[in-house]
$ cat run_21.txt   # compact mmCIF, C-alpha atoms (C1' of nucleotides)
# COMPACT_ATOMS: atom_id res chain seq x y z
CA MET Q 1 113.00 109.70 7.19
CA ARG Q 2 109.27 109.81 7.73
CA PRO Q 3 108.48 109.56 11.44
CA LEU Q 4 105.83 107.15 12.68
CA PRO Q 5 102.90 108.48 14.74
CA GLU Q 6 103.55 108.91 18.45
CA PRO Q 7 101.86 110.64 21.37
CA ALA Q 8 102.83 114.21 22.24
CA THR Q 9 104.94 114.71 25.33
CA GLU Q 10 102.08 116.11 27.41
CA GLN Q 11 99.91 113.11 26.60
CA LEU Q 12 102.24 110.51 28.06
CA SER Q 13 100.63 108.66 30.92
CA LEU Q 14 102.54 107.03 33.73
CA ALA Q 15 100.42 103.90 33.64
CA SER Q 16 100.96 103.43 29.89
CA VAL Q 17 104.69 103.86 30.20
CA LEU Q 18 104.87 101.40 33.10
CA TYR Q 19 102.70 98.97 31.19
CA ALA Q 20 104.97 99.22 28.16
CA LEU Q 21 107.99 98.53 30.35
CA GLY Q 22 106.23 95.71 32.16
CA ASP Q 23 107.31 92.94 29.82
CA PRO Q 24 110.68 91.19 29.75
CA VAL Q 25 111.04 91.43 25.98
CA ARG Q 26 110.19 95.10 25.88
CA LEU Q 27 112.52 95.86 28.80
CA GLU Q 28 115.28 94.21 26.83
CA LEU Q 29 114.39 96.16 23.69
CA VAL Q 30 114.59 99.40 25.65
CA SER Q 31 117.99 98.45 27.05
CA ARG Q 32 119.26 97.81 23.59
CA VAL Q 33 117.95 100.99 22.06
CA VAL Q 34 119.62 102.89 24.88
CA ALA Q 35 122.87 101.16 24.04
CA SER Q 36 122.41 101.71 20.30
CA PRO Q 37 120.47 104.87 19.50
CA GLY Q 38 119.11 104.81 15.94
CA MET Q 39 119.25 101.04 15.79
CA ILE Q 40 116.87 99.24 13.46
CA CYS Q 41 114.21 96.80 14.61
CA SER Q 42 116.01 93.66 13.62
CA ASP Q 43 119.20 94.72 15.38
CA ALA Q 44 117.39 93.66 18.52
CA ASP Q 45 118.34 90.12 17.61
CA LEU Q 46 116.06 88.40 20.08
CA ASP Q 47 114.52 84.97 19.76
CA VAL Q 48 111.08 86.40 19.06
CA PRO Q 49 109.05 86.06 15.85
CA LYS Q 50 109.03 89.09 13.57
CA SER Q 51 105.36 89.85 13.94
CA THR Q 52 105.59 89.68 17.70
CA LEU Q 53 108.53 92.06 17.62
CA THR Q 54 106.57 94.50 15.48
CA ASN Q 55 103.89 94.43 18.13
CA HIS Q 56 106.30 95.06 21.01
CA TRP Q 57 107.88 98.02 19.21
CA ARG Q 58 104.42 99.39 18.50
CA ILE Q 59 103.46 99.23 22.17
CA LEU Q 60 106.65 101.03 23.14
CA ARG Q 61 106.04 103.66 20.48
CA GLU Q 62 102.39 104.21 21.37
CA ALA Q 63 103.26 104.57 25.05
CA GLY Q 64 105.78 107.25 24.08
CA VAL Q 65 108.84 105.32 25.16
CA VAL Q 66 110.51 105.18 21.77
CA ARG Q 67 110.45 107.14 18.55
CA MET Q 68 110.53 105.36 15.19
CA ALA Q 69 111.20 106.66 11.70
CA VAL Q 70 111.15 104.95 8.33
CA ASP Q 71 114.60 104.74 6.77
CA GLY Q 72 114.43 102.82 3.54
CA ARG Q 73 113.35 99.30 4.34
CA CYS Q 74 114.11 99.76 8.00
CA ARG Q 75 112.70 101.53 11.01
CA ARG Q 76 115.20 103.52 13.02
CA ILE Q 77 114.50 103.70 16.72
CA TRP Q 78 115.45 106.08 19.51
CA LEU Q 79 114.52 106.37 23.13
CA ARG Q 80 112.47 109.50 23.82
CA ALA Q 81 114.77 110.20 26.71
CA ASP Q 82 114.34 113.96 27.00
CA GLU Q 83 110.58 113.87 26.80
CA LEU Q 84 110.34 111.03 29.27
CA SER Q 85 112.53 112.76 31.79
CA THR Q 86 110.47 115.92 31.36
CA GLN Q 87 107.23 114.13 32.12
CA PHE Q 88 108.55 111.46 34.48
CA PRO Q 89 111.85 112.63 35.90
CA GLY Q 90 113.92 109.81 37.29
CA LEU Q 91 111.75 107.00 36.03
CA LEU Q 92 113.76 105.81 33.07
CA ASP Q 93 117.04 106.13 34.93
CA VAL Q 94 115.80 103.88 37.70
CA VAL Q 95 114.28 101.30 35.40
CA LEU Q 96 117.33 101.12 33.17
CA ARG Q 97 119.66 100.84 36.12
CA LEU Q 98 117.59 98.01 37.59
CA GLY Q 99 117.17 96.38 34.20
CA GLU Q 100 120.93 95.94 33.94
CA ASN Q 101 120.92 93.56 36.86
CA GLU Q 102 118.15 91.37 35.54
CA SER Q 103 118.94 88.41 33.39
CA THR Q 104 118.13 88.71 29.72
CA PRO Q 105 116.43 85.37 29.19
CA THR Q 106 115.27 86.11 25.66
CA ALA Q 107 118.66 87.06 24.29
CA VAL Q 108 119.95 84.87 21.53
CA HIS Q 109 123.05 84.33 19.33
CA MET J 1 95.83 87.03 60.76
CA ARG J 2 96.55 84.39 58.18
CA PRO J 3 98.74 85.83 55.40
CA LEU J 4 97.86 85.25 51.75
CA PRO J 5 100.41 83.61 49.44
CA GLU J 6 102.99 85.94 47.95
CA PRO J 7 106.31 85.59 46.14
CA ALA J 8 109.54 85.61 48.13
CA THR J 9 111.66 88.71 47.92
CA GLU J 10 114.30 87.11 45.69
CA GLN J 11 111.66 86.02 43.23
CA LEU J 12 110.33 89.47 42.45
CA SER J 13 110.82 90.36 38.82
CA LEU J 14 111.16 93.89 37.54
CA ALA J 15 108.84 93.23 34.61
CA SER J 16 106.10 91.83 36.83
CA VAL J 17 106.28 94.75 39.21
CA LEU J 18 106.17 97.25 36.35
CA TYR J 19 103.30 95.36 34.80
CA ALA J 20 101.39 95.43 38.09
CA LEU J 21 101.94 99.17 38.35
CA GLY J 22 101.04 99.71 34.70
CA ASP J 23 97.34 100.23 35.26
CA PRO J 24 95.63 103.41 36.46
CA VAL J 25 93.43 101.63 38.98
CA ARG J 26 96.31 99.68 40.46
CA LEU J 27 98.50 102.77 40.63
CA GLU J 28 95.76 104.45 42.60
CA LEU J 29 95.40 101.44 44.90
CA VAL J 30 99.11 101.55 45.60
CA SER J 31 98.96 105.26 46.41
CA ARG J 32 96.19 104.63 48.87
CA VAL J 33 97.82 101.73 50.62
CA VAL J 34 100.92 103.89 51.03
CA ALA J 35 98.78 106.56 52.62
CA SER J 36 96.92 104.03 54.79
CA PRO J 37 99.04 101.03 55.71
CA GLY J 38 96.92 98.13 56.89
CA MET J 39 93.86 99.41 55.06
CA ILE J 40 91.22 96.92 53.99
CA CYS J 41 90.24 96.27 50.39
CA SER J 42 87.02 98.19 50.46
CA ASP J 43 88.70 101.27 51.95
CA ALA J 44 89.97 101.85 48.44
CA ASP J 45 86.57 103.32 47.69
CA LEU J 46 86.97 103.43 43.92
CA ASP J 47 84.23 103.21 41.33
CA VAL J 48 85.21 99.67 40.38
CA PRO J 49 83.13 96.51 40.84
CA LYS J 50 84.06 94.28 43.73
CA SER J 51 85.18 91.35 41.63
CA THR J 52 87.36 93.57 39.49
CA LEU J 53 88.93 95.03 42.59
CA THR J 54 89.67 91.54 43.91
CA ASN J 55 91.49 90.87 40.68
CA HIS J 56 93.56 94.07 40.85
CA TRP J 57 94.62 93.35 44.42
CA ARG J 58 95.54 89.83 43.42
CA ILE J 59 97.78 91.08 40.62
CA LEU J 60 99.52 93.48 42.99
CA ARG J 61 99.97 90.72 45.53
CA GLU J 62 101.26 88.15 43.05
CA ALA J 63 103.74 90.66 41.68
CA GLY J 64 105.00 91.21 45.22
CA VAL J 65 103.92 94.83 45.47
CA VAL J 66 101.55 94.36 48.38
CA ARG J 67 101.08 91.94 51.24
CA MET J 68 97.61 90.83 52.29
CA ALA J 69 96.39 89.06 55.38
CA VAL J 70 92.99 87.82 56.39
CA ASP J 71 91.57 89.74 59.34
CA GLY J 72 88.07 88.54 60.08
CA ARG J 73 85.91 89.32 57.09
CA CYS J 74 88.47 91.71 55.70
CA ARG J 75 91.85 91.61 54.01
CA ARG J 76 94.41 93.96 55.46
CA ILE J 77 96.92 95.31 53.00
CA TRP J 78 100.43 96.72 53.23
CA LEU J 79 102.97 97.82 50.72
CA ARG J 80 106.04 95.52 50.69
CA ALA J 81 108.16 98.63 50.84
CA ASP J 82 111.30 97.18 52.41
CA GLU J 83 111.44 94.17 50.13
CA LEU J 84 110.78 96.25 47.05
CA SER J 85 113.51 98.71 47.89
CA THR J 86 115.87 95.81 48.54
CA GLN J 87 115.24 94.30 45.14
CA PHE J 88 114.54 97.46 43.19
CA PRO J 89 116.04 100.40 45.04
CA GLY J 90 114.53 103.69 44.04
CA LEU J 91 111.75 102.28 41.92
CA LEU J 92 108.81 102.69 44.25
CA ASP J 93 109.95 106.11 45.37
CA VAL J 94 110.03 107.38 41.81
CA VAL J 95 106.71 105.83 40.83
CA LEU J 96 104.91 107.09 43.92
CA ARG J 97 106.32 110.57 43.52
CA LEU J 98 105.22 110.69 39.89
CA GLY J 99 101.88 109.12 40.73
CA GLU J 100 101.05 112.03 42.98
CA ASN J 101 101.02 114.38 40.03
CA GLU J 102 98.74 112.27 37.91
CA SER J 103 95.00 112.78 38.03
CA THR J 104 93.02 110.09 39.82
CA PRO J 105 90.23 109.59 37.29
CA THR J 106 88.76 106.57 38.99
CA ALA J 107 88.26 108.16 42.38
CA VAL J 108 84.66 108.42 43.49
CA HIS J 109 82.40 109.78 46.29
C1' DG O 1 72.28 80.00 68.14
C1' DA O 2 69.30 82.29 64.37
C1' DT O 3 69.23 86.34 61.62
C1' DG O 4 70.87 89.94 58.78
C1' DA O 5 74.59 92.86 57.29
C1' DT O 6 79.26 93.19 55.66
C1' DT O 7 83.49 91.73 53.21
C1' DG O 8 85.54 89.53 49.75
C1' DT O 9 85.95 85.27 46.48
C1' DT O 10 84.43 82.29 42.79
C1' DC O 11 82.18 81.34 38.61
C1' DG O 12 80.93 82.03 33.87
C1' DA O 13 80.20 84.71 29.84
C1' DA O 14 81.46 88.47 26.88
C1' DA O 15 84.91 91.38 25.22
C1' DG O 16 89.37 92.40 24.52
C1' DT O 17 94.42 91.48 23.89
C1' DC O 18 98.51 88.85 22.76
C1' DC O 19 101.20 85.57 20.10
C1' DC O 20 102.82 83.84 15.91
C1' DG O 21 102.90 81.74 11.13
C1' DA O 22 101.81 82.90 6.41
C1' DA O 23 101.20 86.12 3.04
C1' DC O 24 102.16 90.57 1.56
C1' DG O 25 104.38 95.31 0.39
C1' DA O 26 108.23 98.20 0.07
C1' DT O 27 112.96 98.93 -0.70
C1' DC O 28 117.63 97.93 -2.01
C1' DG O 29 121.64 95.83 -4.55
C1' DA O 30 123.26 93.42 -8.37
C1' DT D 1 114.27 92.75 -13.53
C1' DC D 2 115.38 89.55 -10.06
C1' DG D 3 116.23 88.05 -5.54
C1' DA D 4 117.07 89.27 -0.86
C1' DT D 5 115.94 91.99 3.17
C1' DC D 6 112.99 94.43 6.45
C1' DG D 7 108.91 95.02 8.45
C1' DT D 8 103.57 95.07 8.41
C1' DT D 9 99.10 92.97 8.07
C1' DC D 10 95.93 89.38 8.62
C1' DG D 11 93.61 85.62 10.92
C1' DG D 12 93.25 81.96 14.25
C1' DG D 13 93.90 80.26 18.67
C1' DA D 14 95.06 81.03 23.34
C1' DC D 15 95.05 83.78 27.06
C1' DT D 16 93.40 87.82 29.99
C1' DT D 17 90.30 91.22 31.71
C1' DT D 18 85.91 92.76 33.23
C1' DC D 19 81.84 92.43 35.77
C1' DG D 20 77.29 90.66 37.53
C1' DA D 21 75.36 86.94 40.17
C1' DA D 22 75.84 83.58 43.41
C1' DC D 23 78.41 82.07 47.18
C1' DA D 24 81.30 81.60 51.64
C1' DA D 25 82.93 83.49 55.80
C1' DT D 26 82.63 86.50 59.59
C1' DC D 27 80.57 89.62 62.81
C1' DA D 28 76.91 92.07 65.64
C1' DT D 29 72.59 91.78 67.57
C1' DC D 30 68.79 89.76 69.13
$ encode --input "run_21.txt" --output "structure tokens"
Amino acid sequence: MRPLPEPATEQLSLASVLYALGDPVRLELVSRVVASPGMICSDADLDVPKSTLTNHWRILREAGVVRMAVDGRCRRIWLRADELSTQFPGLLDVVLRLGENESTPTAVH
Amino acid sequence: MRPLPEPATEQLSLASVLYALGDPVRLELVSRVVASPGMICSDADLDVPKSTLTNHWRILREAGVVRMAVDGRCRRIWLRADELSTQFPGLLDVVLRLGENESTPTAVH
DNA sequence: GATGATTGTTCGAAAGTCCCGAACGATCGA
DNA sequence: TCGATCGTTCGGGACTTTCGAACAATCATC
């Protein structure tokens, strides 16, 4: 499973991580990958065009929020939980906890 | 001191707040307004053009992060700390704590 | 009041970013 | 080999960001 490029732990910037999380679709994607570690992109199952989804995953990956690896046709995705809590202790926990309360307007099916 | 328009507490969205905080300049502005409640815009003293600064303050205000009020020629600014911790308990505390550790590349003087 | 200095907004142009459909490439199963 | 599936790339249109120049509002002083 070839991994896709991602920033090293020390390079993660708070502003980039907050920016990546500052979008309703991406917040929802993060919630789902927390619930389903190793999920594939299309498991997200949101009412968002494919190419837009690719872009959202890329932003999350380049900010260091998620890790992606090629697995056959698919991309498997994990939250970089350990690295994030090393660099930004408490941040993800708070955001995920608060994210649970928010509506998920883009959910579909 | 006429207040400038701002969203009501119940209307604050997590994504908008995170988006507003997801910029190095705005993170720095928030740090400074925490350190100096009631500061005026130009007290920020960053190496950023005036019109750009206006825009950053506007984004913070429209996301509900700060409150602004006209005071003579100036705009006084406060963090909406109580309202933010009502809607998003823990969020600001974490972000501000982490923000302290980050470099402040845009500081000047 | 006039004048000048100070504070911040508005405007417009240039550059950049985001969204999304269409076409494509890679992989898998039959 | 064929068709289906998964995701990327490309290109355009729309939107956003940045920033200088001009402007509006206020204040302090004469």
$ residues_around --input "run_21.txt" --residues "D:DT17" --least-positions-apart "5" --cutoff "12 Å" --atoms "only C-alpha atoms (C1' of nucleotides)" --output "PyMOL selection string"
(chain J and resi 23+51-53+55-56+59) or (chain O and resi 14-17)
$ atom_distance --input "run_21.txt" --atom1 "atom CA of Q:Arg61" --atom2 "atom CA of J:Gly90"
25.0 Å
$ residues_around --input "run_21.txt" --residues "D:DT29" --least-positions-apart "3" --cutoff "12 Å" --atoms "only C-alpha atoms (C1' of nucleotides)" --output "PyMOL selection string"
chain O and resi 1-5
$ residues_around --input "run_21.txt" --residues "stretch 63-80 of chain J" --least-positions-apart "5" --cutoff "8 Å" --atoms "all atoms listed in the file" --output "JSON, numbers by chain"
{"J": [1, 2, 3, 4, 6, 7, 8, 9, 12, 13, 16, 17, 20, 30, 33, 34, 37, 38, 39, 40, 41], "O": [6, 7, 8], "D": [25, 26, 27]}
$ closest_residue --input "run_21.txt" --among "J:Asn101, J:Pro49, J:Leu91, J:Leu84" --to "chain Q" --atoms "all atoms listed in the file"
J:Leu91
$ interface_residues --input "run_21.txt" --of "chain J" --to "chain Q" --cutoff "12 Å" --atoms "all atoms listed in the file" --output "number ranges by chain"
J: 10-28, 63, 84-104
$ write_last_selection --input "run_21.txt" --atoms "C-alpha atoms" --output "short mmCIF file (atom, residue, chain, number, x, y, z; two decimals), keeping the file's coordinate frame"
data_model
loop_
_atom_site.label_atom_id
_atom_site.label_comp_id
_atom_site.auth_asym_id
_atom_site.auth_seq_id
_atom_site.Cartn_x
_atom_site.Cartn_y
_atom_site.Cartn_z
CA GLU J 10 114.30 87.11 45.69
CA GLN J 11 111.66 86.02 43.23
CA LEU J 12 110.33 89.47 42.45
CA SER J 13 110.82 90.36 38.82
CA LEU J 14 111.16 93.89 37.54
CA ALA J 15 108.84 93.23 34.61
CA SER J 16 106.10 91.83 36.83
CA VAL J 17 106.28 94.75 39.21
CA LEU J 18 106.17 97.25 36.35
CA TYR J 19 103.30 95.36 34.80
CA ALA J 20 101.39 95.43 38.09
CA LEU J 21 101.94 99.17 38.35
CA GLY J 22 101.04 99.71 34.70
CA ASP J 23 97.34 100.23 35.26
CA PRO J 24 95.63 103.41 36.46
CA VAL J 25 93.43 101.63 38.98
CA ARG J 26 96.31 99.68 40.46
CA LEU J 27 98.50 102.77 40.63
CA GLU J 28 95.76 104.45 42.60
CA ALA J 63 103.74 90.66 41.68
CA LEU J 84 110.78 96.25 47.05
CA SER J 85 113.51 98.71 47.89
CA THR J 86 115.87 95.81 48.54
CA GLN J 87 115.24 94.30 45.14
CA PHE J 88 114.54 97.46 43.19
CA PRO J 89 116.04 100.40 45.04
CA GLY J 90 114.53 103.69 44.04
CA LEU J 91 111.75 102.28 41.92
CA LEU J 92 108.81 102.69 44.25
CA ASP J 93 109.95 106.11 45.37
CA VAL J 94 110.03 107.38 41.81
CA VAL J 95 106.71 105.83 40.83
CA LEU J 96 104.91 107.09 43.92
CA ARG J 97 106.32 110.57 43.52
CA LEU J 98 105.22 110.69 39.89
CA GLY J 99 101.88 109.12 40.73
CA GLU J 100 101.05 112.03 42.98
CA ASN J 101 101.02 114.38 40.03
CA GLU J 102 98.74 112.27 37.91
CA SER J 103 95.00 112.78 38.03
CA THR J 104 93.02 110.09 39.82
#
$ closest_residue --input "run_21.txt" --among "Q:Leu60, Q:Thr54, Q:Asp82, Q:Pro5" --to "chain D" --atoms "only C-alpha atoms (C1' of nucleotides)"
Q:Thr54
$ interface_residues --input "run_21.txt" --of "chain O" --to "chain Q" --cutoff "8 Å" --atoms "all atoms listed in the file" --output "compact mmCIF listing (two decimals) with C-alpha atoms (C1' of nucleotides), keeping the file's coordinate frame"
# COMPACT_ATOMS: atom_id res chain seq x y z
C1' DC O 19 101.20 85.57 20.10
C1' DC O 20 102.82 83.84 15.91
C1' DA O 26 108.23 98.20 0.07
C1' DT O 27 112.96 98.93 -0.70
C1' DC O 28 117.63 97.93 -2.01
$ decode --input "run_21.txt" --residues "stretch 2-27 of chain D" --atoms "N, CA and C atoms (P, O5', C5', C4', C3', O3' and C1' of nucleotides)" --output "short mmCIF file (atom, residue, chain, number, x, y, z; two decimals), in the first residue's frame"
data_model
loop_
_atom_site.label_atom_id
_atom_site.label_comp_id
_atom_site.auth_asym_id
_atom_site.auth_seq_id
_atom_site.Cartn_x
_atom_site.Cartn_y
_atom_site.Cartn_z
P DC D 2 -12.36 -6.75 -26.06
"O5'" DC D 2 -13.67 -6.61 -25.17
"C5'" DC D 2 -14.33 -7.78 -24.68
"C4'" DC D 2 -15.13 -7.42 -23.44
"C3'" DC D 2 -15.52 -5.94 -23.38
"O3'" DC D 2 -16.93 -5.84 -23.26
"C1'" DC D 2 -14.49 -6.62 -21.35
P DG D 3 -17.61 -4.36 -23.33
"O5'" DG D 3 -18.07 -4.13 -21.82
"C5'" DG D 3 -18.67 -5.21 -21.12
"C4'" DG D 3 -18.70 -4.89 -19.64
"C3'" DG D 3 -19.16 -3.47 -19.33
"O3'" DG D 3 -20.10 -3.53 -18.26
"C1'" DG D 3 -17.06 -3.88 -18.31
P DA D 4 -20.77 -2.20 -17.68
"O5'" DA D 4 -20.15 -2.15 -16.22
"C5'" DA D 4 -20.11 -3.35 -15.45
"C4'" DA D 4 -19.41 -3.08 -14.14
"C3'" DA D 4 -19.77 -1.74 -13.49
"O3'" DA D 4 -19.94 -1.95 -12.09
"C1'" DA D 4 -17.43 -1.85 -13.85
P DT D 5 -20.33 -0.73 -11.13
"O5'" DT D 5 -18.92 -0.37 -10.45
"C5'" DT D 5 -18.18 -1.41 -9.82
"C4'" DT D 5 -16.91 -0.82 -9.24
"C3'" DT D 5 -17.11 0.51 -8.51
"O3'" DT D 5 -16.43 0.41 -7.27
"C1'" DT D 5 -15.38 0.70 -10.08
P DC D 6 -16.66 1.50 -6.11
"O5'" DC D 6 -15.31 2.33 -6.17
"C5'" DC D 6 -14.07 1.69 -5.89
"C4'" DC D 6 -12.94 2.65 -6.16
"C3'" DC D 6 -13.17 4.05 -5.58
"O3'" DC D 6 -12.12 4.34 -4.67
"C1'" DC D 6 -12.45 4.14 -7.86
P DG D 7 -12.20 5.62 -3.71
"O5'" DG D 7 -11.42 6.69 -4.59
"C5'" DG D 7 -10.03 6.48 -4.80
"C4'" DG D 7 -9.55 7.29 -5.98
"C3'" DG D 7 -9.57 8.81 -5.77
"O3'" DG D 7 -8.24 9.23 -5.50
"C1'" DG D 7 -10.19 8.13 -7.99
P DT D 8 -7.85 10.77 -5.45
"O5'" DT D 8 -7.37 11.11 -6.94
"C5'" DT D 8 -6.32 10.34 -7.50
"C4'" DT D 8 -5.96 10.86 -8.88
"C3'" DT D 8 -5.59 12.35 -8.91
"O3'" DT D 8 -4.39 12.49 -9.64
"C1'" DT D 8 -7.31 11.87 -10.50
P DT D 9 -3.70 13.91 -9.79
"O5'" DT D 9 -4.19 14.44 -11.22
"C5'" DT D 9 -4.04 13.59 -12.34
"C4'" DT D 9 -4.61 14.28 -13.58
"C3'" DT D 9 -4.28 15.77 -13.71
"O3'" DT D 9 -3.91 16.01 -15.05
"C1'" DT D 9 -6.62 15.45 -13.85
P DC D 10 -3.17 17.36 -15.47
"O5'" DC D 10 -4.28 18.11 -16.35
"C5'" DC D 10 -5.02 17.36 -17.31
"C4'" DC D 10 -6.24 18.15 -17.76
"C3'" DC D 10 -6.02 19.67 -17.80
"O3'" DC D 10 -6.42 20.16 -19.07
"C1'" DC D 10 -8.01 19.13 -16.62
P DG D 11 -5.95 21.61 -19.60
"O5'" DG D 11 -7.33 22.39 -19.70
"C5'" DG D 11 -8.49 21.73 -20.21
"C4'" DG D 11 -9.72 22.57 -19.91
"C3'" DG D 11 -9.48 24.08 -19.86
"O3'" DG D 11 -10.60 24.75 -20.41
"C1'" DG D 11 -10.33 23.37 -17.80
P DG D 12 -10.43 26.23 -20.98
"O5'" DG D 12 -11.68 26.99 -20.34
"C5'" DG D 12 -13.01 26.61 -20.70
"C4'" DG D 12 -13.93 27.00 -19.56
"C3'" DG D 12 -13.71 28.42 -19.07
"O3'" DG D 12 -14.58 29.40 -19.66
"C1'" DG D 12 -13.82 26.86 -17.24
P DG D 13 -16.04 29.60 -19.66
"O5'" DG D 13 -16.49 29.85 -18.17
"C5'" DG D 13 -17.71 29.25 -17.74
"C4'" DG D 13 -17.88 29.40 -16.25
"C3'" DG D 13 -18.08 30.86 -15.79
"O3'" DG D 13 -19.32 30.93 -15.10
"C1'" DG D 13 -16.44 29.74 -14.46
P DA D 14 -19.86 32.38 -14.55
"O5'" DA D 14 -19.54 32.25 -12.99
"C5'" DA D 14 -20.06 31.14 -12.26
"C4'" DA D 14 -19.45 31.12 -10.87
"C3'" DA D 14 -19.57 32.47 -10.15
"O3'" DA D 14 -20.16 32.25 -8.89
"C1'" DA D 14 -17.34 31.67 -10.07
P DC D 15 -20.69 33.48 -7.99
"O5'" DC D 15 -19.62 33.52 -6.81
"C5'" DC D 15 -19.26 32.30 -6.15
"C4'" DC D 15 -17.90 32.42 -5.54
"C3'" DC D 15 -17.71 33.64 -4.63
"O3'" DC D 15 -17.57 33.19 -3.30
"C1'" DC D 15 -15.80 33.22 -6.00
P DT D 16 -17.39 34.28 -2.11
"O5'" DT D 16 -15.80 34.38 -1.99
"C5'" DT D 16 -15.06 33.18 -1.88
"C4'" DT D 16 -13.59 33.48 -1.65
"C3'" DT D 16 -13.31 34.59 -0.63
"O3'" DT D 16 -12.35 34.08 0.28
"C1'" DT D 16 -12.17 35.04 -2.66
P DT D 17 -11.88 34.91 1.57
"O5'" DT D 17 -10.46 35.50 1.10
"C5'" DT D 17 -9.49 34.62 0.60
"C4'" DT D 17 -8.29 35.40 0.11
"C3'" DT D 17 -7.84 36.53 1.04
"O3'" DT D 17 -6.49 36.32 1.35
"C1'" DT D 17 -8.06 37.30 -1.20
P DT D 18 -5.71 37.27 2.36
"O5'" DT D 18 -5.02 38.35 1.40
"C5'" DT D 18 -4.11 37.91 0.41
"C4'" DT D 18 -3.70 39.10 -0.43
"C3'" DT D 18 -3.28 40.33 0.38
"O3'" DT D 18 -1.94 40.63 0.09
"C1'" DT D 18 -4.76 40.91 -1.39
P DC D 19 -1.10 41.61 1.00
"O5'" DC D 19 -1.29 42.99 0.22
"C5'" DC D 19 -0.90 43.08 -1.15
"C4'" DC D 19 -1.38 44.39 -1.71
"C3'" DC D 19 -1.18 45.58 -0.76
"O3'" DC D 19 -0.63 46.65 -1.45
"C1'" DC D 19 -3.38 45.53 -1.56
P DG D 20 0.26 47.73 -0.72
"O5'" DG D 20 0.14 48.99 -1.70
"C5'" DG D 20 0.29 48.79 -3.10
"C4'" DG D 20 -0.61 49.75 -3.86
"C3'" DG D 20 -0.56 51.19 -3.39
"O3'" DG D 20 -0.60 52.06 -4.51
"C1'" DG D 20 -2.78 50.40 -3.22
P DA D 21 -0.34 53.61 -4.38
"O5'" DA D 21 -1.78 54.23 -4.67
"C5'" DA D 21 -2.54 53.76 -5.78
"C4'" DA D 21 -3.89 54.43 -5.78
"C3'" DA D 21 -3.90 55.87 -5.28
"O3'" DA D 21 -4.78 56.64 -6.08
"C1'" DA D 21 -5.34 54.57 -3.94
P DA D 22 -4.90 58.20 -5.90
"O5'" DA D 22 -6.38 58.36 -5.36
"C5'" DA D 22 -7.45 57.73 -6.06
"C4'" DA D 22 -8.68 57.69 -5.18
"C3'" DA D 22 -9.06 59.04 -4.55
"O3'" DA D 22 -10.40 59.34 -4.84
"C1'" DA D 22 -9.01 57.32 -2.91
P DC D 23 -11.10 60.70 -4.33
"O5'" DC D 23 -11.86 60.23 -3.01
"C5'" DC D 23 -12.79 59.16 -3.10
"C4'" DC D 23 -13.24 58.74 -1.71
"C3'" DC D 23 -13.76 59.89 -0.84
"O3'" DC D 23 -15.16 59.76 -0.70
"C1'" DC D 23 -12.36 58.36 0.37
P DA D 24 -16.01 60.91 0.06
"O5'" DA D 24 -16.14 60.33 1.54
"C5'" DA D 24 -16.68 59.03 1.73
"C4'" DA D 24 -16.78 58.75 3.22
"C3'" DA D 24 -17.33 59.92 4.03
"O3'" DA D 24 -18.22 59.39 5.00
"C1'" DA D 24 -15.16 59.32 4.82
P DA D 25 -19.06 60.39 5.97
"O5'" DA D 25 -18.30 60.22 7.37
"C5'" DA D 25 -18.05 58.91 7.84
"C4'" DA D 25 -17.21 59.00 9.10
"C3'" DA D 25 -17.61 60.14 10.03
"O3'" DA D 25 -17.73 59.60 11.34
"C1'" DA D 25 -15.29 60.24 9.57
P DT D 26 -18.37 60.50 12.53
"O5'" DT D 26 -17.07 60.89 13.37
"C5'" DT D 26 -16.26 59.85 13.89
"C4'" DT D 26 -14.93 60.42 14.32
"C3'" DT D 26 -15.01 61.53 15.36
"O3'" DT D 26 -14.43 61.03 16.55
"C1'" DT D 26 -13.39 61.97 13.69
P DC D 27 -14.66 61.85 17.95
"O5'" DC D 27 -13.26 62.60 18.12
"C5'" DC D 27 -12.08 61.83 18.17
"C4'" DC D 27 -10.88 62.73 17.94
"C3'" DC D 27 -10.81 63.95 18.88
"O3'" DC D 27 -9.62 63.86 19.63
"C1'" DC D 27 -10.35 64.54 16.61
#
